[in-house]
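Everything below belongs to my_file.txt, which stores compact mmCIF, C-alpha atoms.
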```txt
# COMPACT_ATOMS: atom_id res chain seq x y z
CA MET A 19 25.45 -3.04 -6.70
CA PRO A 20 22.11 -3.41 -8.62
CA GLU A 21 23.08 -6.72 -10.21
CA ARG A 22 23.78 -8.14 -6.74
CA VAL A 23 20.29 -7.39 -5.36
CA VAL A 24 17.02 -9.31 -5.76
CA THR A 25 13.86 -7.49 -4.61
CA VAL A 26 10.96 -9.47 -3.15
CA ILE A 27 7.66 -7.66 -2.48
CA LEU A 28 5.27 -9.36 -0.06
CA GLY A 29 1.80 -9.06 -1.52
CA GLY A 30 0.14 -10.08 1.73
CA GLY A 31 -2.52 -12.63 2.53
CA ARG A 32 -6.25 -12.03 2.35
CA GLY A 33 -5.83 -8.34 3.13
CA SER A 34 -8.59 -8.51 5.75
CA ARG A 35 -7.64 -5.14 7.24
CA LEU A 36 -8.47 -3.50 3.88
CA TYR A 37 -11.72 -5.42 3.32
CA PRO A 38 -13.92 -4.87 1.30
CA LEU A 39 -11.36 -3.21 -1.00
CA THR A 40 -9.63 -6.61 -1.11
CA ALA A 41 -12.80 -8.67 -1.64
CA GLN A 42 -12.15 -9.01 -5.39
CA ARG A 43 -8.47 -8.11 -5.74
CA ALA A 44 -5.09 -8.75 -4.13
CA LYS A 45 -4.00 -6.10 -1.65
CA PRO A 46 -1.20 -4.73 -3.88
CA ALA A 47 -3.80 -4.12 -6.62
CA VAL A 48 -5.94 -1.75 -4.51
CA PRO A 49 -6.22 1.65 -6.30
CA LEU A 50 -4.37 4.57 -4.73
CA ALA A 51 -4.43 8.34 -5.30
CA GLY A 52 -6.86 8.17 -8.21
CA LYS A 53 -4.67 6.51 -10.86
CA TYR A 54 -2.10 4.29 -9.11
CA ARG A 55 -2.16 0.98 -7.26
CA LEU A 56 -0.42 0.05 -4.01
CA ILE A 57 2.08 -2.17 -5.85
CA ASP A 58 3.34 0.86 -7.81
CA ILE A 59 5.03 2.27 -4.68
CA PRO A 60 7.59 -0.47 -3.89
CA VAL A 61 8.08 -1.36 -7.56
CA SER A 62 8.81 2.28 -8.45
CA ASN A 63 11.17 2.64 -5.50
CA ALA A 64 13.06 -0.46 -6.61
CA ILE A 65 13.30 0.69 -10.25
CA ASN A 66 14.42 4.18 -9.25
CA SER A 67 17.07 2.59 -7.03
CA GLY A 68 18.37 0.63 -10.00
CA PHE A 69 17.12 -2.72 -8.67
CA ARG A 70 15.29 -4.36 -11.56
CA MET A 71 15.02 -8.01 -10.56
CA VAL A 72 11.66 -7.77 -8.77
CA TYR A 73 9.37 -10.58 -7.60
CA VAL A 74 5.89 -9.99 -6.15
CA LEU A 75 4.56 -12.77 -3.92
CA THR A 76 0.79 -13.12 -3.70
CA GLN A 77 -1.87 -15.78 -3.42
CA PHE A 78 -5.37 -14.25 -3.24
CA ASN A 79 -7.37 -12.72 -6.12
CA SER A 80 -4.25 -12.06 -8.16
CA ALA A 81 -5.77 -11.73 -11.66
CA SER A 82 -6.04 -7.92 -11.70
CA LEU A 83 -2.60 -7.61 -10.10
CA ASN A 84 -1.07 -9.85 -12.77
CA ARG A 85 -2.74 -7.78 -15.47
CA HIS A 86 -1.56 -4.47 -14.02
CA VAL A 87 2.03 -5.61 -13.54
CA SER A 88 2.31 -7.20 -16.98
CA ARG A 89 0.96 -4.09 -18.70
CA SER A 90 2.81 -1.51 -16.61
CA TYR A 91 6.34 -2.86 -16.16
CA GLN A 92 7.85 -3.93 -19.46
CA PHE A 93 11.59 -3.58 -19.91
CA ASP A 94 13.24 -3.49 -23.33
CA ILE A 95 14.89 -6.55 -24.88
CA PHE A 96 18.38 -5.28 -24.02
CA SER A 97 17.59 -5.08 -20.30
CA GLN A 98 17.81 -7.89 -17.78
CA GLY A 99 15.07 -6.30 -15.70
CA PHE A 100 11.67 -7.77 -14.87
CA VAL A 101 8.77 -7.53 -12.44
CA GLU A 102 7.32 -11.01 -11.98
CA ILE A 103 4.32 -12.27 -10.02
CA LEU A 104 4.90 -15.44 -7.98
CA ALA A 105 1.55 -16.77 -6.80
CA ALA A 106 1.19 -19.57 -4.27
CA GLU A 107 1.39 -22.90 -6.07
CA GLN A 108 1.18 -26.58 -5.34
CA THR A 109 4.46 -28.47 -5.77
CA ASP A 110 5.84 -31.87 -4.85
CA ALA A 111 7.45 -30.24 -1.80
CA SER A 112 4.38 -28.33 -0.59
CA GLY A 113 0.70 -28.13 -1.39
CA ASP A 114 -0.56 -25.58 1.13
CA TRP A 115 -0.97 -21.80 1.12
CA TYR A 116 1.59 -19.34 2.43
CA GLN A 117 1.43 -19.45 6.22
CA GLY A 118 3.19 -16.12 6.75
CA THR A 119 5.69 -13.70 5.22
CA ALA A 120 8.73 -15.93 5.76
CA ASP A 121 6.86 -19.02 4.62
CA ALA A 122 5.96 -17.23 1.37
CA VAL A 123 9.63 -16.51 0.64
CA ARG A 124 10.62 -20.03 1.61
CA LYS A 125 8.12 -21.59 -0.79
CA GLN A 126 9.24 -19.36 -3.68
CA LEU A 127 12.97 -19.31 -2.96
CA HIS A 128 13.69 -21.83 -5.73
CA HIS A 129 12.40 -19.37 -8.35
CA PHE A 130 15.06 -16.74 -7.70
CA ASP A 131 17.82 -18.78 -6.09
CA CYS A 132 19.45 -19.18 -9.50
CA ASP A 133 19.81 -15.39 -9.82
CA PRO A 134 23.35 -14.08 -9.15
CA TYR A 135 22.43 -12.11 -6.05
CA GLU A 136 24.23 -11.37 -2.81
CA THR A 137 21.45 -9.42 -1.08
CA VAL A 138 17.70 -9.96 -0.91
CA LEU A 139 15.63 -6.83 -0.35
CA ILE A 140 12.26 -7.75 1.19
CA LEU A 141 9.49 -5.14 1.06
CA SER A 142 5.91 -4.81 2.24
CA GLY A 143 3.27 -4.06 -0.36
CA ASP A 144 1.00 -1.70 1.62
CA HIS A 145 3.18 1.27 2.59
CA LEU A 146 3.38 4.76 1.10
CA TYR A 147 6.89 6.24 0.92
CA ARG A 148 9.68 7.17 -1.49
CA MET A 149 13.04 5.58 -0.71
CA ASP A 150 16.36 5.04 -2.44
CA TYR A 151 17.15 1.49 -1.39
CA ARG A 152 20.77 1.90 -2.45
CA ALA A 153 21.55 3.80 0.75
CA MET A 154 20.14 0.94 2.82
CA VAL A 155 22.06 -1.72 0.89
CA GLN A 156 25.22 0.36 1.23
CA ARG A 157 24.67 0.54 5.00
CA HIS A 158 24.11 -3.24 4.98
CA GLU A 159 27.39 -3.88 3.18
CA GLN A 160 29.49 -1.38 5.12
CA ALA A 161 28.26 -2.77 8.45
CA GLN A 162 28.99 -6.31 7.21
CA ALA A 163 25.50 -7.14 8.44
CA ASP A 164 23.61 -10.36 8.03
CA VAL A 165 20.31 -8.46 8.18
CA THR A 166 19.53 -4.74 7.98
CA LEU A 167 16.16 -3.22 8.94
CA SER A 168 15.05 0.17 7.70
CA THR A 169 13.60 2.24 10.55
CA ILE A 170 11.83 5.52 11.23
CA ALA A 171 12.22 7.57 14.38
CA VAL A 172 9.01 8.11 16.40
CA ASP A 173 8.08 9.59 19.76
CA ARG A 174 6.44 7.53 22.50
CA ALA A 175 2.93 8.15 21.18
CA GLY A 176 3.99 6.98 17.73
CA CYS A 177 5.06 3.57 19.02
CA MET A 178 1.52 2.20 19.08
CA GLY A 179 0.82 -0.23 16.29
CA LEU A 180 4.48 -0.50 15.26
CA GLY A 181 7.35 -2.87 15.99
CA ILE A 182 9.89 -1.06 18.19
CA LEU A 183 13.59 -1.94 18.02
CA LYS A 184 16.19 -1.81 20.76
CA VAL A 185 19.58 -0.70 19.43
CA ASP A 186 23.02 -0.12 20.91
CA ALA A 187 25.30 2.88 20.31
CA GLU A 188 26.56 1.34 17.05
CA GLY A 189 23.07 0.89 15.65
CA ARG A 190 23.07 -2.88 16.10
CA ILE A 191 19.64 -4.24 16.98
CA ARG A 192 19.47 -6.03 20.30
CA GLY A 193 15.74 -6.57 20.81
CA PHE A 194 12.18 -6.20 19.51
CA ARG A 195 8.90 -5.12 21.05
CA GLU A 196 5.83 -5.64 18.89
CA LYS A 197 3.12 -2.96 19.19
CA PRO A 198 3.61 -1.77 22.80
CA GLY A 199 0.54 -0.52 24.66
CA PRO A 200 0.14 3.15 25.68
CA GLU A 201 0.77 2.42 29.37
CA GLU A 202 3.62 -0.03 28.86
CA ASP A 203 7.10 0.98 30.08
CA ILE A 204 9.42 0.72 27.07
CA GLU A 205 12.09 3.20 28.14
CA GLN A 206 14.70 0.47 27.74
CA TYR A 207 13.96 0.58 23.99
CA ALA A 208 14.83 4.27 23.69
CA VAL A 209 17.79 5.00 21.42
CA PRO A 210 21.05 5.52 23.39
CA ASP A 211 21.97 9.18 23.89
CA GLU A 212 25.12 8.95 21.78
CA LEU A 213 23.34 7.52 18.76
CA ALA A 214 20.31 9.81 19.20
CA ALA A 215 22.61 12.84 19.12
CA ARG A 216 24.51 11.55 16.07
CA TRP A 217 21.27 10.94 14.19
CA GLY A 218 19.62 14.16 15.42
CA LEU A 219 16.49 12.40 16.73
CA GLY A 220 15.36 15.05 19.21
CA GLN A 221 12.17 13.90 20.97
CA ARG A 222 11.73 10.97 18.62
CA ARG A 223 13.74 8.57 20.73
CA PHE A 224 12.36 5.26 19.48
CA LEU A 225 13.03 3.37 16.25
CA ALA A 226 10.15 1.60 14.50
CA SER A 227 10.51 -1.04 11.83
CA MET A 228 9.25 -0.07 8.36
CA GLY A 229 8.88 -3.65 7.15
CA VAL A 230 11.85 -3.17 4.78
CA TYR A 231 14.60 -5.78 5.23
CA ALA A 232 17.92 -6.51 3.55
CA PHE A 233 19.25 -10.06 4.02
CA SER A 234 22.53 -11.48 2.90
CA ARG A 235 22.03 -14.61 0.84
CA GLU A 236 23.42 -16.91 3.52
CA ALA A 237 21.51 -15.22 6.36
CA LEU A 238 18.22 -15.57 4.50
CA ARG A 239 18.78 -19.29 4.05
CA LEU A 240 19.69 -19.73 7.71
CA GLY A 241 16.63 -17.77 8.80
CA LEU A 242 14.28 -19.75 6.60
CA ASP A 243 15.76 -22.98 7.98
CA LEU A 244 14.72 -22.07 11.54
CA GLU A 245 12.14 -24.49 12.91
CA HIS A 246 8.57 -23.14 12.94
CA ALA A 247 9.75 -19.86 11.33
CA ILE A 248 6.58 -18.58 9.63
CA ASP A 249 6.85 -14.79 9.82
CA PHE A 250 9.85 -12.46 9.52
CA GLY A 251 8.79 -9.96 12.17
CA ARG A 252 7.47 -12.47 14.69
CA ASP A 253 9.82 -15.44 14.24
CA ILE A 254 12.96 -14.97 12.17
CA LEU A 255 14.19 -11.49 13.09
CA PRO A 256 13.83 -11.84 16.89
CA ALA A 257 15.74 -15.14 16.71
CA MET A 258 18.51 -13.78 14.47
CA VAL A 259 19.15 -10.79 16.75
CA HIS A 260 20.78 -13.19 19.19
CA SER A 261 22.74 -15.24 16.66
CA ARG A 262 23.59 -12.97 13.71
CA ARG A 263 24.60 -9.37 13.06
CA VAL A 264 21.38 -7.36 12.63
CA VAL A 265 21.66 -3.58 12.22
CA ALA A 266 19.34 -0.60 11.82
CA HIS A 267 19.23 1.80 8.88
CA ARG A 268 17.60 5.16 9.54
CA PHE A 269 15.10 6.49 7.00
CA GLU A 270 14.23 10.19 7.31
CA GLY A 271 11.44 10.70 4.76
CA TYR A 272 7.66 10.32 4.79
CA TRP A 273 6.38 6.81 5.51
CA GLU A 274 2.83 5.63 6.17
CA ASP A 275 1.38 2.18 6.70
CA ILE A 276 -1.85 2.16 4.67
CA GLY A 277 -2.91 -1.38 5.46
CA THR A 278 -6.21 -0.44 7.15
CA ILE A 279 -9.34 1.30 5.84
CA ASP A 280 -8.81 4.31 8.11
CA ALA A 281 -5.12 4.72 7.22
CA PHE A 282 -5.85 4.23 3.52
CA PHE A 283 -8.62 6.86 3.64
CA GLU A 284 -6.53 9.45 5.48
CA ALA A 285 -3.44 8.89 3.33
CA ASN A 286 -5.47 9.52 0.17
CA LEU A 287 -7.13 12.69 1.49
CA ALA A 288 -3.79 14.01 2.75
CA LEU A 289 -2.74 14.27 -0.90
CA CYS A 290 -5.37 16.98 -1.50
CA VAL A 291 -3.67 19.75 0.48
CA GLU A 292 -1.55 22.40 -1.20
CA ASP A 293 1.70 21.00 0.19
CA PRO A 294 1.03 17.28 0.75
CA PRO A 295 3.35 15.18 2.92
CA PHE A 296 3.92 12.86 -0.06
CA ARG A 297 4.28 13.95 -3.68
CA PHE A 298 3.67 11.41 -6.42
CA TRP A 299 5.70 13.39 -8.91
CA ASP A 300 9.44 13.78 -8.43
CA ASP A 301 11.59 14.37 -11.51
CA ARG A 302 14.33 12.19 -10.03
CA SER A 303 12.18 9.34 -8.75
CA PRO A 304 8.59 9.37 -10.09
CA ILE A 305 5.99 6.77 -9.17
CA TYR A 306 5.19 4.69 -12.24
CA THR A 307 1.93 3.04 -13.22
CA GLY A 308 0.11 1.71 -16.28
CA ARG A 309 -0.06 3.78 -19.45
CA ARG A 310 -3.58 4.78 -20.43
CA PHE A 311 -5.01 6.64 -23.38
CA LEU A 312 -7.75 8.67 -21.73
CA PRO A 313 -9.08 12.12 -22.54
CA ALA A 314 -8.60 15.09 -20.25
CA SER A 315 -11.22 15.38 -17.54
CA LYS A 316 -14.21 17.65 -18.18
CA ILE A 317 -15.56 19.89 -15.38
CA ILE A 318 -18.82 21.74 -16.12
CA GLN A 319 -20.39 24.30 -13.74
CA ALA A 320 -18.90 22.58 -10.69
CA SER A 321 -17.38 23.78 -7.44
CA VAL A 322 -14.12 21.97 -6.71
CA GLU A 323 -11.96 22.68 -3.68
CA ARG A 324 -8.79 20.79 -2.68
CA CYS A 325 -9.43 17.81 -4.91
CA MET A 326 -7.38 15.47 -7.07
CA ILE A 327 -9.12 14.55 -10.33
CA SER A 328 -7.67 11.83 -12.56
CA GLU A 329 -7.94 11.46 -16.33
CA GLY A 330 -11.12 10.73 -18.22
CA CYS A 331 -13.62 12.10 -15.67
CA ILE A 332 -16.84 14.06 -16.20
CA VAL A 333 -17.87 16.30 -13.29
CA HIS A 334 -21.10 18.15 -14.06
CA GLY A 335 -22.78 20.57 -11.66
CA ALA A 336 -21.31 18.99 -8.51
CA THR A 337 -19.79 20.40 -5.33
CA LEU A 338 -16.60 18.58 -4.33
CA GLU A 339 -14.43 19.31 -1.29
CA ARG A 340 -11.32 17.34 -0.35
CA CYS A 341 -11.96 14.44 -2.70
CA VAL A 342 -9.77 12.05 -4.65
CA ILE A 343 -11.47 11.23 -7.96
CA GLY A 344 -10.30 8.17 -9.88
CA LEU A 345 -10.14 7.32 -13.57
CA ARG A 346 -13.31 7.66 -15.72
CA ALA A 347 -15.42 8.82 -12.77
CA ARG A 348 -18.81 10.27 -13.76
CA ILE A 349 -20.36 12.68 -11.26
CA GLN A 350 -23.81 14.01 -12.10
CA PRO A 351 -25.47 17.36 -11.27
CA GLY A 352 -26.33 18.16 -7.67
CA VAL A 353 -23.81 15.77 -6.13
CA GLN A 354 -22.25 16.99 -2.91
CA ALA A 355 -19.14 15.10 -1.85
CA LYS A 356 -16.81 15.96 0.99
CA ASP A 357 -13.92 13.86 2.31
CA ALA A 358 -14.47 11.14 -0.26
CA VAL A 359 -12.33 8.74 -2.27
CA ILE A 360 -14.11 7.94 -5.56
CA MET A 361 -12.14 5.27 -7.41
CA GLY A 362 -13.89 5.72 -10.74
CA ALA A 363 -14.46 2.96 -13.28
CA ASP A 364 -12.69 0.43 -15.47
CA TYR A 365 -14.82 1.34 -18.49
CA TYR A 366 -17.16 3.96 -19.96
CA GLU A 367 -20.87 3.32 -20.35
CA GLU A 368 -22.02 4.23 -23.84
CA ASP A 369 -25.23 6.20 -24.40
CA ALA A 370 -27.11 3.05 -25.42
CA ARG A 371 -26.11 1.32 -22.21
CA ARG A 372 -27.15 4.32 -20.13
CA ALA A 373 -30.52 4.38 -21.89
CA ALA A 374 -30.94 0.70 -21.07
CA ASN A 375 -30.09 1.45 -17.44
CA ALA A 376 -32.91 4.02 -17.33
CA ARG A 377 -35.41 1.54 -18.78
CA GLU A 378 -34.36 -1.16 -16.32
CA GLY A 379 -34.30 1.17 -13.29
CA ARG A 380 -30.60 0.66 -12.71
CA PRO A 381 -28.29 3.55 -11.76
CA ASP A 382 -25.47 4.45 -14.14
CA VAL A 383 -21.88 3.79 -13.10
CA GLY A 384 -20.80 6.75 -10.98
CA LEU A 385 -22.53 9.17 -8.60
CA GLY A 386 -26.20 9.82 -9.33
CA ARG A 387 -27.97 13.18 -9.32
CA GLY A 388 -28.30 14.88 -5.96
CA SER A 389 -26.40 12.24 -4.00
CA VAL A 390 -24.59 13.32 -0.84
CA LEU A 391 -21.36 11.67 0.32
CA GLU A 392 -19.18 12.39 3.35
CA ARG A 393 -16.41 10.19 4.75
CA VAL A 394 -16.95 7.67 1.97
CA ILE A 395 -14.86 5.38 -0.23
CA VAL A 396 -16.58 4.33 -3.46
CA ASP A 397 -14.81 1.40 -5.13
CA LYS A 398 -14.60 0.95 -8.90
CA ASN A 399 -17.63 0.50 -11.14
CA ALA A 400 -20.06 1.20 -8.29
CA ARG A 401 -23.49 2.62 -9.15
CA ILE A 402 -24.82 5.22 -6.70
CA GLY A 403 -28.45 6.06 -7.43
CA ALA A 404 -29.99 9.52 -7.42
CA GLY A 405 -30.67 11.12 -4.05
CA CYS A 406 -28.56 8.70 -2.01
CA VAL A 407 -27.10 9.92 1.28
CA LEU A 408 -23.92 8.13 2.40
CA ARG A 409 -22.24 9.44 5.54
CA GLY A 410 -19.55 7.80 7.64
CA ASN A 411 -19.43 8.55 11.34
CA PRO A 412 -16.50 7.77 13.67
CA ASP A 413 -18.96 7.38 16.58
CA ARG A 414 -21.04 4.80 14.75
CA PRO A 415 -20.32 1.08 15.24
CA ASP A 416 -19.14 -1.02 12.33
CA SER A 417 -21.95 -2.47 10.23
CA ARG A 418 -22.71 -3.71 6.75
CA GLY A 419 -25.50 -3.92 4.20
CA PRO A 420 -26.00 -4.97 0.58
CA GLY A 421 -23.05 -3.57 -1.36
CA TRP A 422 -21.55 -1.52 1.46
CA VAL A 423 -19.60 -1.69 4.73
CA HIS A 424 -19.26 0.88 7.51
CA CYS A 425 -15.77 0.47 8.98
CA ASP A 426 -13.54 2.80 11.04
CA GLY A 427 -16.17 5.52 10.72
CA ILE A 428 -16.08 5.34 6.91
CA VAL A 429 -18.72 4.06 4.48
CA VAL A 430 -17.07 1.81 1.87
CA VAL A 431 -19.14 1.03 -1.23
CA GLU A 432 -17.94 -2.24 -2.71
CA LYS A 433 -16.65 -2.77 -6.23
CA ASN A 434 -19.46 -3.24 -8.79
CA ALA A 435 -22.07 -2.54 -6.08
CA ILE A 436 -25.49 -1.07 -6.87
CA ILE A 437 -26.85 1.39 -4.32
CA PRO A 438 -30.52 2.06 -5.23
CA ALA A 439 -31.82 5.61 -5.57
CA GLY A 440 -32.81 7.23 -2.30
CA THR A 441 -30.71 4.92 -0.11
CA VAL A 442 -29.58 6.43 3.20
CA ILE A 443 -26.56 4.91 4.95
```
Serialized structure, structure tokens:
Amino acid sequence: MPERVVTVILGGGRGSRLYPLTAQRAKPAVPLAGKYRLIDIPVSNAINSGFRMVYVLTQFNSASLNRHVSRSYQFDIFSQGFVEILAAEQTDASGDWYQGTADAVRKQLHHFDCDPYETVLILSGDHLYRMDYRAMVQRHEQAQADVTLSTIAVDRAGCMGLGILKVDAEGRIRGFREKPGPEEDIEQYAVPDELAARWGLGQRRFLASMGVYAFSREALRLGLDLEHAIDFGRDILPAMVHSRRVVAHRFEGYWEDIGTIDAFFEANLALCVEDPPFRFWDDRSPIYTGRRFLPASKIIQASVERCMISEGCIVHGATLERCVIGLRARIQPGVQAKDAVIMGADYYEEDARRAANAREGRPDVGLGRGSVLERVIVDKNARIGAGCVLRGNPDRPDSRGPGWVHCDGIVVVEKNAIIPAGTVI
């Protein structure tokens, strides 16, 4: 089966829903859980499923993503596996950007059409889940489907913000409803009683699309040939429901769309509890990332409760509660941080550089003395001066200032930003 499957990961467009985390990087390169990046999730799932022909489609700010992928995913010379970035490019056939998810695959189809595949697995790059794609491909083949969509079961309240699928008793998809409103009558989209009983759905009587698709080779070509077909979810799949065999595959594990600032923030902090809904380590299917040679983190006279602390950090005299601390983070005495995602740094500042910072009145990289943070995301290499107070508030309207954005009730400090000492946000 693995040699018959090509995996295509959609890196997304500008990633505006995750701005400013995507201001200087592609969405799949956004750091996650202290030491990973979003791209590590679908790539790891594919590798653990035995699918090792992986293409990542992206077009915006792809330099750091290229660097991460090239350093992290290297197969030996006896393997046919690869993880390859396909950025938008000008050709004789087309000179414009990707116009949507389907258009991205259409423009890059010639790169992998020479591969000996029968099935194309298409994945989103901004979801958090662990999945063995072999079960989905097996369902696809056994059902003799043209297209198979992986789905999760949700109750009526969980339908908001998701694409809801209408299925028959055999699990064949007969209709779509994109992001129904809370007052909208969608009872006709409820799973038939016979199938709901067979799948043990209980009160979760609706199926939502996960953005994970399996296409047969012929069906993908036919879909991409549809006139004005720009997006899979909006254009191709609704059209193919009426002309091809499209079936649902049920996924029963944890799945979270982390494509917005609020969802990203909550998904990170959810990892801090004793029994988190998602575990990054699994001896059968770990999540992979780049290899680093960093020292163990050093914690000196600090109070730390329900936190994740990555390698190479120095936490001195701080009070941390429910925080995710990224690589090489430096947290100085008197810092109080609660409900915070601190992404750390790409480099260490040497003593000479820190002395120069003091002479020039510039904060060091990291969290300065006595700073207070609550409901905050601090992107990489940011400099938070001494005595700063940064607090997000869900009741406060969105706003922005030099080096920071307040969005979804969360203060986001931009990458490489300098927040002067004493700043209150």
Give me the residues near Glu323 in chain A as a list in words, where near means some atom within 12 Å (using all atoms listed in the file) and where sequence neighbours in that chain fewer than 6 positions away do not count.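 So, after excluding close chain neighbours, the residues are Cys290, Val291, Glu292, Ala336, Thr337, Leu338, Glu339, Arg340, Cys341, Val342, Gln354, Ala355, Lys356 and Asp357 of chain A.
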Excluding Ile395 in chain A and its own-chain neighbours fewer than 3 positions away, which residues fall within 7 Å of it when counting all atoms listed in the file? Please give them as a ChimeraX atom specification. /A:358-360,429-431
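Residues in contact with Leu36 in chain A at up to 9 Å, not including ones fewer than 4 positions away on its chain and judged by all atoms listed in the file, are Arg32, Thr40, Ala41, Lys45, Val48, Ile276, Gly277, Thr278, Ile279, Asp280 and Phe282 of chain A.
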Specify the axis-aligned box that encloses all atoms of range 242-257 of chain A listed in the file after padding of 4 Å on each side, stating its centre and edge lengths in Å to one decimal as JSON.
```
{"center_x": 11.2, "center_y": -17.2, "center_z": 11.7, "size_x": 17.2, "size_y": 22.5, "size_z": 18.3}
```
Show me, as a Markdown table, the residues of range 179-288 of chain A having an atom within 8 Å of range 135-148 of chain A, each with the closest atom pair and its distance in Å, using all atoms listed in the file.
```
| residue | atom | partner | partner_atom | distance |
| --- | --- | --- | --- | --- |
| A:Gly229 | CA | A:Ser142 | CA | 5.9 |
| A:Val230 | CA | A:Leu141 | CA | 4.8 |
| A:Tyr231 | CA | A:Ile140 | CA | 5.1 |
| A:Ala232 | CA | A:Leu139 | CA | 4.5 |
| A:Phe233 | CA | A:Val138 | CA | 5.2 |
| A:Ser234 | CA | A:Thr137 | CA | 4.6 |
| A:Arg235 | CA | A:Glu136 | CA | 5.4 |
| A:Leu238 | CA | A:Val138 | CA | 7.8 |
| A:Gly271 | CA | A:Arg148 | CA | 7.4 |
| A:Tyr272 | CA | A:Tyr147 | CA | 5.7 |
| A:Trp273 | CA | A:Tyr147 | CA | 4.7 |
| A:Glu274 | CA | A:Leu146 | CA | 5.2 |
| A:Asp275 | CA | A:His145 | CA | 4.6 |
| A:Ile276 | CA | A:His145 | CA | 5.5 |
| A:Gly277 | CA | A:Asp144 | CA | 5.5 |
```
When you look at range 199-204 of chain A with a cut-off of 10 Å (counting only C-alpha atoms), what residues show up, excluding the ones that are within fewer than 5 positions of it in the same chain? I need them as a ChimeraX atom specification. /A:174-179,182,184,224
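The nearest approach to Ile402 in chain A among the residues A:Ile436, A:Asp416, A:Pro351, A:Ala376, with all atoms listed in the file taken into account, belongs to A:Ile436.
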Near Phe93 in chain A, within 12 Å and counting all atoms listed in the file, which residues show up once chain neighbours fewer than 4 positions away are dropped, as a ChimeraX atom specification? /A:65,70-72,87-89,97-102
Have a look at CA of Leu50 in chain A and CA of Gln77 in chain A and let me know their distance in Å, one decimal. 20.5 Å
A straight line from CA of Asn84 in chain A to CA of Ala47 in chain A spans 8.8 Å
For CA of Arg380 in chain A and CA of Pro438 in chain A, quote the distance in Å rounded to one decimal. 7.6 Å
So which one's closest to Val264 in chain A, A:Ile95, A:Val165, A:Ala171, A:Ala370? Using only C-alpha atoms, please. A:Val165
What residues have an atom no more than 6 Å from (7.1, 12.8, 15.8) in the file's own frame, counting all atoms listed in the file, and can you write them as a PyMOL selection string? chain A and resi 172-173+222
Kindly indicate which residue among A:Ala237, A:Met149, A:Leu83, A:Val74 lies nearest to Asp300 in chain A, using only C-alpha atoms for the distances.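 Closest candidate: A:Met149.
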